[in-house]
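Reproduced below: entry-v7.csv, with CSV, C-alpha atoms and all ligand atoms.
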```
chain,number,residue,atom,x,y,z
E,1,MET,CA,73.5,88.0,136.2
E,2,PRO,CA,72.4,87.3,132.6
E,3,GLU,CA,68.9,86.3,132.0
E,4,ARG,CA,68.8,82.5,132.0
E,5,ARG,CA,65.3,82.0,130.5
E,6,GLY,CA,65.2,81.9,126.7
E,7,LEU,CA,68.7,80.6,126.3
E,8,ARG,CA,69.8,79.6,122.8
E,9,ILE,CA,72.7,77.7,121.6
E,10,GLY,CA,74.4,78.4,118.3
E,11,PHE,CA,77.1,76.5,116.5
E,12,ASP,CA,79.3,78.0,113.8
E,13,VAL,CA,80.8,75.2,111.8
E,14,GLY,CA,83.7,76.3,109.8
E,15,GLY,CA,86.3,74.5,107.7
E,16,THR,CA,89.0,75.2,110.4
E,17,LYS,CA,87.0,75.3,113.7
E,18,ILE,CA,83.7,74.7,115.2
E,19,ALA,CA,82.5,77.4,117.6
E,20,ILE,CA,79.7,77.1,120.1
E,21,CYS,CA,78.0,80.0,121.8
E,22,VAL,CA,75.2,80.2,124.4
E,23,LEU,CA,73.1,83.3,124.1
E,24,ASP,CA,70.8,84.7,126.7
E,25,ALA,CA,67.3,86.1,125.9
E,26,ALA,CA,68.8,89.5,125.1
E,27,GLY,CA,71.3,88.0,122.6
E,28,HIS,CA,74.3,88.4,124.9
E,29,SER,CA,76.9,85.6,124.9
E,30,VAL,CA,77.1,83.9,128.2
E,31,PHE,CA,79.5,81.1,127.1
E,32,LYS,CA,81.6,80.3,124.1
E,33,THR,CA,84.3,78.0,123.1
E,34,GLU,CA,85.6,76.3,120.0
E,35,ALA,CA,87.4,73.2,118.8
E,36,ALA,CA,89.3,72.2,115.6
E,37,THR,CA,87.1,70.8,112.8
E,38,PRO,CA,87.8,67.2,112.2
E,39,ARG,CA,88.1,67.6,108.4
E,40,ASP,CA,88.1,64.1,107.1
E,41,SER,CA,85.8,62.3,109.6
E,42,TYR,CA,82.0,62.6,109.8
E,43,THR,CA,82.0,60.6,112.9
E,44,GLY,CA,84.7,62.8,114.3
E,45,PHE,CA,82.6,65.9,113.4
E,46,LEU,CA,79.6,64.5,115.3
E,47,GLN,CA,81.8,63.7,118.3
E,48,ALA,CA,83.4,67.1,118.3
E,49,ALA,CA,80.0,68.8,118.2
E,50,ALA,CA,78.7,66.6,121.0
E,51,ALA,CA,81.7,67.4,123.1
E,52,LEU,CA,81.2,71.1,122.6
E,53,LEU,CA,77.6,70.9,123.6
E,54,HIS,CA,78.5,68.9,126.7
E,55,GLN,CA,81.0,71.7,127.6
E,56,ALA,CA,78.3,74.4,127.1
E,57,ARG,CA,75.7,72.5,129.1
E,58,ALA,CA,78.3,71.9,131.9
E,59,ALA,CA,79.2,75.6,132.0
E,60,VAL,CA,75.6,76.9,131.7
E,61,PRO,CA,73.4,74.2,133.4
E,62,ASP,CA,70.3,76.2,132.5
E,63,ALA,CA,71.1,75.7,128.8
E,64,GLN,CA,69.9,72.1,129.1
E,65,GLY,CA,67.1,71.9,126.6
E,66,ALA,CA,67.8,75.3,125.1
E,67,SER,CA,67.1,75.5,121.3
E,68,ILE,CA,70.1,74.7,119.1
E,69,GLY,CA,70.9,76.1,115.7
E,70,LEU,CA,73.9,75.5,113.4
E,71,GLY,CA,75.4,77.4,110.6
E,72,ILE,CA,77.2,75.1,108.3
E,73,PRO,CA,79.5,75.7,105.3
E,74,GLY,CA,77.1,74.1,102.8
E,75,GLU,CA,73.5,73.7,102.0
E,76,ILE,CA,70.8,71.2,103.0
E,77,ASP,CA,69.4,69.8,99.8
E,78,VAL,CA,65.6,70.5,99.7
E,79,PHE,CA,64.8,67.0,98.3
E,80,SER,CA,67.2,64.6,100.0
E,81,ASN,CA,67.7,66.6,103.2
E,82,THR,CA,71.4,65.8,103.0
E,83,VAL,CA,74.4,68.2,103.0
E,84,LYS,CA,75.8,69.4,99.7
E,85,ASN,CA,78.3,72.1,98.6
E,86,ALA,CA,80.3,71.9,101.8
E,87,ASN,CA,84.0,72.7,102.0
E,88,SER,CA,84.1,70.4,105.0
E,89,THR,CA,83.6,67.6,102.5
E,90,CYS,CA,83.1,64.9,105.2
E,91,LEU,CA,79.6,66.4,105.7
E,92,ILE,CA,78.6,66.0,102.0
E,93,GLY,CA,75.8,63.5,101.5
E,94,GLU,CA,75.1,63.1,105.2
E,95,ASN,CA,71.8,63.7,106.9
E,96,ILE,CA,73.4,66.0,109.5
E,97,GLU,CA,70.0,67.0,111.0
E,98,ILE,CA,69.0,63.5,111.9
E,99,ASP,CA,72.4,62.5,113.1
E,100,LEU,CA,72.9,65.6,115.3
E,101,GLU,CA,69.4,65.3,116.8
E,102,ARG,CA,70.3,61.7,117.8
E,103,VAL,CA,73.7,62.8,119.3
E,104,PHE,CA,72.3,65.9,121.0
E,105,GLY,CA,69.0,64.3,122.1
E,106,GLN,CA,66.9,67.2,120.8
E,107,GLU,CA,65.8,69.1,117.8
E,108,VAL,CA,68.3,71.2,115.8
E,109,ARG,CA,67.9,73.9,113.2
E,110,ILE,CA,70.5,74.1,110.4
E,111,ALA,CA,71.2,76.7,107.7
E,112,ASN,CA,74.0,77.8,105.5
E,113,ASP,CA,76.6,79.8,107.4
E,114,ALA,CA,76.6,82.8,105.1
E,115,GLN,CA,72.8,83.0,105.2
E,116,CYS,CA,73.0,82.8,109.0
E,117,LEU,CA,75.6,85.7,108.9
E,118,ILE,CA,73.4,88.0,106.9
E,119,ALA,CA,70.2,87.0,108.9
E,120,SER,CA,72.0,88.0,112.0
E,121,GLU,CA,73.5,91.2,110.6
E,122,VAL,CA,70.2,92.6,109.3
E,123,HIS,CA,68.5,91.7,112.6
E,124,ASP,CA,70.8,93.6,115.0
E,125,GLY,CA,74.2,94.0,113.3
E,126,ALA,CA,76.0,95.8,110.6
E,127,ALA,CA,73.2,95.6,108.0
E,128,GLN,CA,70.4,96.6,110.2
E,129,GLY,CA,67.8,98.7,108.3
E,130,ALA,CA,69.2,97.8,104.9
E,131,ALA,CA,66.6,97.1,102.2
E,132,VAL,CA,69.0,94.8,100.4
E,133,ALA,CA,72.1,93.4,102.0
E,134,PHE,CA,74.7,90.8,101.0
E,135,GLY,CA,76.8,88.8,103.4
E,136,VAL,CA,80.1,87.3,102.4
E,137,ILE,CA,82.2,84.7,104.3
E,138,LEU,CA,85.9,84.9,103.5
E,139,GLY,CA,87.2,82.0,105.5
E,140,THR,CA,88.5,78.6,104.8
E,141,GLY,CA,85.7,78.7,102.2
E,142,VAL,CA,83.9,81.5,100.5
E,143,GLY,CA,80.1,81.9,100.4
E,144,GLY,CA,77.4,84.5,100.4
E,145,GLY,CA,73.9,85.2,101.6
E,146,VAL,CA,71.2,87.7,100.7
E,147,ALA,CA,68.7,89.6,102.9
E,148,VAL,CA,65.8,91.7,101.7
E,149,ASN,CA,63.7,94.0,103.9
E,150,GLY,CA,65.3,92.7,107.0
E,151,GLU,CA,64.7,89.0,106.3
E,152,PRO,CA,67.1,86.4,104.8
E,153,TRP,CA,66.2,85.6,101.2
E,154,ARG,CA,67.0,81.9,100.8
E,155,GLY,CA,65.7,81.4,97.3
E,156,SER,CA,63.7,78.5,95.8
E,157,ASN,CA,66.5,76.0,96.4
E,158,ARG,CA,68.0,77.7,99.5
E,159,LEU,CA,70.9,78.7,97.2
E,160,ALA,CA,70.5,82.5,97.1
E,161,GLY,CA,73.9,84.1,97.5
E,162,GLU,CA,75.8,80.9,96.8
E,163,TRP,CA,78.5,82.6,94.8
E,164,GLY,CA,81.8,81.1,96.0
E,165,HIS,CA,81.8,78.3,93.4
E,166,ASN,CA,80.9,80.4,90.4
E,167,PRO,CA,83.9,81.0,88.2
E,168,PHE,CA,86.0,83.9,89.2
E,169,PRO,CA,85.0,86.7,86.8
E,170,ASP,CA,88.3,87.3,85.1
E,171,ARG,CA,88.2,90.0,82.5
E,172,ASP,CA,91.7,89.6,81.1
E,173,GLY,CA,92.0,85.8,81.3
E,174,GLU,CA,95.0,86.0,83.6
E,175,GLN,CA,93.6,84.2,86.6
E,176,THR,CA,94.2,80.5,86.4
E,177,GLY,CA,93.2,79.6,89.9
E,178,SER,CA,93.6,76.3,91.7
E,179,PRO,CA,91.6,73.1,91.3
E,180,CYS,CA,88.6,73.3,93.7
E,181,TYR,CA,87.3,70.5,95.9
E,182,CYS,CA,84.0,70.8,94.0
E,183,GLY,CA,85.8,69.3,90.9
E,184,ARG,CA,86.2,72.4,88.9
E,185,ASN,CA,88.9,75.1,88.5
E,186,ASN,CA,89.0,78.8,89.1
E,187,CYS,CA,86.1,79.0,91.6
E,188,ILE,CA,85.8,82.3,93.4
E,189,GLU,CA,86.7,80.4,96.6
E,190,THR,CA,90.0,79.3,95.2
E,191,VAL,CA,90.9,83.0,94.7
E,192,LEU,CA,89.4,84.7,97.8
E,193,SER,CA,89.6,82.2,100.6
E,194,GLY,CA,91.9,82.7,103.6
E,195,PRO,CA,94.1,79.8,102.4
E,196,ALA,CA,94.3,81.5,99.0
E,197,LEU,CA,95.6,84.7,100.5
E,198,VAL,CA,98.1,82.8,102.6
E,199,ALA,CA,99.2,80.9,99.5
E,200,ALA,CA,99.6,84.1,97.5
E,201,TYR,CA,102.0,85.4,100.2
E,202,HIS,CA,103.8,82.2,100.2
E,203,ASP,CA,104.3,82.4,96.4
E,204,ALA,CA,105.2,86.0,96.4
E,205,THR,CA,108.0,85.4,98.9
E,206,ALA,CA,109.2,82.2,97.3
E,207,GLY,CA,108.2,80.1,100.2
E,208,GLU,CA,107.7,82.1,103.4
E,209,ASN,CA,104.8,81.1,105.5
E,210,ALA,CA,102.6,83.6,107.3
E,211,LEU,CA,99.2,83.4,108.8
E,212,LEU,CA,96.5,86.1,108.1
E,213,PRO,CA,97.2,88.1,111.3
E,214,GLU,CA,100.9,88.1,110.4
E,215,ILE,CA,100.3,89.3,106.9
E,216,GLU,CA,98.1,92.0,108.3
E,217,ALA,CA,100.8,93.1,110.7
E,218,MET,CA,103.4,93.2,107.9
E,219,VAL,CA,101.0,95.4,105.8
E,220,ALA,CA,100.7,97.7,108.8
E,221,ALA,CA,104.4,97.8,109.2
E,222,GLY,CA,104.9,98.8,105.5
E,223,ASP,CA,106.2,95.5,104.2
E,224,PRO,CA,106.1,96.0,100.4
E,225,VAL,CA,105.6,92.4,99.5
E,226,ALA,CA,102.7,91.9,102.0
E,227,ARG,CA,101.3,95.2,100.8
E,228,GLU,CA,101.3,94.0,97.2
E,229,VAL,CA,99.8,90.6,98.0
E,230,LEU,CA,97.0,92.2,99.9
E,231,SER,CA,96.4,94.9,97.3
E,232,THR,CA,96.1,92.2,94.6
E,233,TYR,CA,93.7,90.3,96.9
E,234,ILE,CA,91.5,93.3,97.5
E,235,ASP,CA,91.3,94.0,93.7
E,236,LYS,CA,90.2,90.5,93.1
E,237,LEU,CA,87.6,90.7,95.8
E,238,GLY,CA,86.4,93.9,94.2
E,239,GLN,CA,86.3,92.2,90.8
E,240,ALA,CA,84.2,89.3,92.2
E,241,LEU,CA,81.9,91.6,94.3
E,242,ALA,CA,81.3,93.9,91.3
E,243,THR,CA,79.2,91.0,89.8
E,244,VAL,CA,77.1,90.9,93.0
E,245,VAL,CA,76.7,94.7,93.1
E,246,GLY,CA,75.6,94.6,89.5
E,247,VAL,CA,72.9,92.1,90.2
E,248,LEU,CA,71.7,93.0,93.7
E,249,ASP,CA,72.7,96.7,94.1
E,250,PRO,CA,72.8,96.2,97.9
E,251,GLU,CA,73.0,99.0,100.4
E,252,VAL,CA,75.4,97.0,102.6
E,253,ILE,CA,77.8,94.2,102.1
E,254,VAL,CA,78.9,92.6,105.3
E,255,LEU,CA,82.2,90.6,105.4
E,256,GLY,CA,82.8,87.7,107.8
E,257,GLY,CA,85.3,84.9,108.2
E,258,GLY,CA,89.0,85.1,109.0
E,259,VAL,CA,90.0,87.5,106.2
E,260,SER,CA,87.3,90.0,107.2
E,261,SER,CA,89.3,91.2,110.2
E,262,ILE,CA,91.9,92.9,107.9
E,263,GLY,CA,91.0,96.6,108.2
E,264,THR,CA,92.7,97.7,105.1
E,265,ILE,CA,90.1,95.9,103.1
E,266,TYR,CA,87.3,98.3,104.1
E,267,ARG,CA,89.4,101.4,103.2
E,268,GLU,CA,90.3,100.1,99.7
E,269,LEU,CA,87.5,97.9,98.6
E,270,PRO,CA,84.9,100.5,97.5
E,271,ASP,CA,87.3,102.0,94.9
E,272,ARG,CA,88.2,98.5,93.7
E,273,VAL,CA,84.6,97.5,93.2
E,274,ALA,CA,83.9,100.7,91.4
E,275,ALA,CA,86.8,100.1,89.1
E,276,HIS,CA,85.1,97.0,87.8
E,277,MET,CA,81.6,98.4,87.5
E,278,PHE,CA,79.9,100.0,84.5
E,279,HIS,CA,78.2,102.7,86.5
E,280,SER,CA,81.3,103.4,88.6
E,281,GLY,CA,80.1,106.9,89.3
E,282,SER,CA,77.0,105.8,91.2
E,283,SER,CA,77.1,105.3,94.9
E,284,GLN,CA,78.7,102.2,96.2
E,285,PRO,CA,77.3,99.9,98.9
E,286,ARG,CA,78.7,100.3,102.4
E,287,PHE,CA,81.2,97.6,103.3
E,288,ARG,CA,81.1,96.6,106.9
E,289,ALA,CA,82.7,93.9,109.1
E,290,ALA,CA,80.4,91.4,110.7
E,291,SER,CA,79.5,92.5,114.2
W,1,ZN,ZN,84.5,75.1,93.6
```
Rewrite the coordinates I just gave you, this time as structure tokens.
Ligand SMILES: [Zn+2]
Amino acid sequence: MPERRGLRIGFDVGGTKIAICVLDAAGHSVFKTEAATPRDSYTGFLQAAAALLHQARAAVPDAQGASIGLGIPGEIDVFSNTVKNANSTCLIGENIEIDLERVFGQEVRIANDAQCLIASEVHDGAAQGAAVAFGVILGTGVGGGVAVNGEPWRGSNRLAGEWGHNPFPDRDGEQTGSPCYCGRNNCIETVLSGPALVAAYHDATAGENALLPEIEAMVAAGDPVAREVLSTYIDKLGQALATVVGVLDPEVIVLGGGVSSIGTIYRELPDRVAAHMFHSGSSQPRFRAAS
């Protein structure tokens, strides 16, 4: 039987799904489930989160009163305490902390999802022991987080690592990118998100639709078009991460989100990053999948 005391509840709020997990005192998952993210309704989001918590508490009665933390695809503004920079745009401008505490009936802790990712990975995951680590979420949205000496480094405005809405660093001026929900064009997110990879395959095949696991399976089966689409994607990921490596020089870069399950990325990314670096002969960070 898992240890019931010290239970904790975590939400991972993504652009596509909201996942909930109940952890025991040892950090082992004792319950998890997920639901689709209501993309255009803040009320719908609150209701979906409440329904997931209800399921978790029903499945694990001892989780009543357990501490609750959420990773969200955005930031809590340090002055207004409202959400900003969220690809789930219905969250923007809302005081999610107050509203969730009312719905849940207890205190909640909220942080940016990429910062949660790297905080977890340096604690007991793929970046454990790293002096400097960078975590990247390549999902519906794209974001990053920094950890230094085993602790998340959030920065003076909680924005450290927020790199997905910087312009894609395009050396040759060929990347035009798509308009971004943030109001600008050519954000890194528009080039490196899961939907961007799916769209690249769609364009390369003149209209065929394939989900990420299907693209990965086609690559494994030697499909030349899928191979080329993924190769181009990995090169662009290397191009964008070269900027991060040039600033932070991290020991480890951890990838999370839907795209991060594609194993080819880890074999090919080091050389692609090096190709865009000045000191390409120096040692590269280790690239690891989120644990
Ligand atoms: Zn943007």
* Output the neighbourhood of ligand ZN 1 (chain W) as a list in words, that is, all protein and nucleic acid residues with some atom at most 9 Å from the ligand, counting only C-alpha atoms and all ligand atoms. =>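 Counting only what the definition allows, namely only C-alpha atoms and all ligand atoms, the set is Asn85, Asn87, Gly164, His165, Asn166, Pro167, Pro179, Cys180, Tyr181, Cys182, Gly183, Arg184, Asn185, Asn186, Cys187, Ile188, Glu189 and Thr190 of chain E.
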* **Who sits within 8 Å of Ala131 (chain E), all atoms listed in the file, same chain under 4 positions skipped, as a ChimeraX atom specification** => /E:147-150,250-251
* Calculate how many Å separate CA of Gly141 (chain E) from CA of Ile110 (chain E), rounding to one decimal. =>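 That distance, rounded to one decimal, is 17.9 Å.
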* **Residue contacts of Ile18 (chain E) (12 Å, all atoms listed in the file) excluding same-chain residues fewer than 5 positions away, as a PyMOL selection string** => chain E and resi 10-13+32-39+44-53+70-73+88+113
* **Atom pair CA of Val191 (chain E) / CA of Ala204 (chain E): separation (Å)** =>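 These two atoms are separated by 14.7 Å.
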* Go ahead and compute the interatomic distance for CA of Ile137 (chain E) and CA of Ala196 (chain E), in Å to one decimal. =>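 Atom-to-atom, CA of Ile137 (chain E) and CA of Ala196 (chain E) are spaced 13.6 Å apart.
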* Could you check which of E:Glu75, E:Asp62, E:Asp40, E:Asp271 is closest to Thr89 (chain E), using only C-alpha atoms? =>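 Of the candidates, the smallest distance to Thr89 (chain E) is held by E:Asp40.
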* **Residue contacts of Asn157 (chain E) (10 Å, only C-alpha atoms) excluding same-chain residues fewer than 6 positions away, as a list of chain:residue names** =>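 Contacts, with the query itself left out: E:Glu75, E:Ile76, E:Asp77, E:Val78, E:Phe79.
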* For each of E:Ala290, E:Tyr42, E:Cys21, E:Ala221, take the minimum atom-to-atom distance to Asp99 (chain E), counting all atoms listed in the file, then give the residue where this is smallest. =>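 The shortest atom-to-atom distance to Asp99 (chain E) comes from E:Tyr42.
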* Which neighbours of Ala126 (chain E) fall inside 7 Å, counting all atoms listed in the file, when residues of the same chain fewer than 6 positions from it are skipped, and could you give them as number ranges by chain? -> E: 254, 288, 290-291
* Which polymer residues have any atom within 10 Å of an atom of Leu100 (chain E), counting all atoms listed in the file, with same-chain residues fewer than 2 positions away left out, as a list of chain:residue names? ->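 Result of the neighbour search: E:Phe45, E:Leu46, E:Gln47, E:Ala49, E:Ala50, E:Asn95, E:Ile96, E:Glu97, E:Ile98, E:Arg102, E:Val103, E:Phe104, E:Gly105, E:Gln106, E:Glu107, E:Val108, E:Arg109.
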Please produce an output containing C-alpha atoms for each residue in the selection, written as a short mmCIF file (atom, residue, chain, number, x, y, z; two decimals), keeping the file's coordinate frame.
```cif
data_model
loop_
_atom_site.label_atom_id
_atom_site.label_comp_id
_atom_site.auth_asym_id
_atom_site.auth_seq_id
_atom_site.Cartn_x
_atom_site.Cartn_y
_atom_site.Cartn_z
CA PHE E 45 82.60 65.90 113.40
CA LEU E 46 79.60 64.50 115.30
CA GLN E 47 81.80 63.70 118.30
CA ALA E 49 80.00 68.80 118.20
CA ALA E 50 78.70 66.60 121.00
CA ASN E 95 71.80 63.70 106.90
CA ILE E 96 73.40 66.00 109.50
CA GLU E 97 70.00 67.00 111.00
CA ILE E 98 69.00 63.50 111.90
CA ARG E 102 70.30 61.70 117.80
CA VAL E 103 73.70 62.80 119.30
CA PHE E 104 72.30 65.90 121.00
CA GLY E 105 69.00 64.30 122.10
CA GLN E 106 66.90 67.20 120.80
CA GLU E 107 65.80 69.10 117.80
CA VAL E 108 68.30 71.20 115.80
CA ARG E 109 67.90 73.90 113.20
#
```
* **Pick from E:Arg8, E:His28, E:Lys236, E:His202 nearest to Glu268 (chain E), counting all atoms listed in the file** =>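 Closest to Glu268 (chain E) of all the choices is E:Lys236.
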* Asked: So which one's closest to Leu212 (chain E), E:Gly139, E:Asp172, E:Tyr266, E:Gly155? Using only C-alpha atoms, please.
  -> E:Gly139
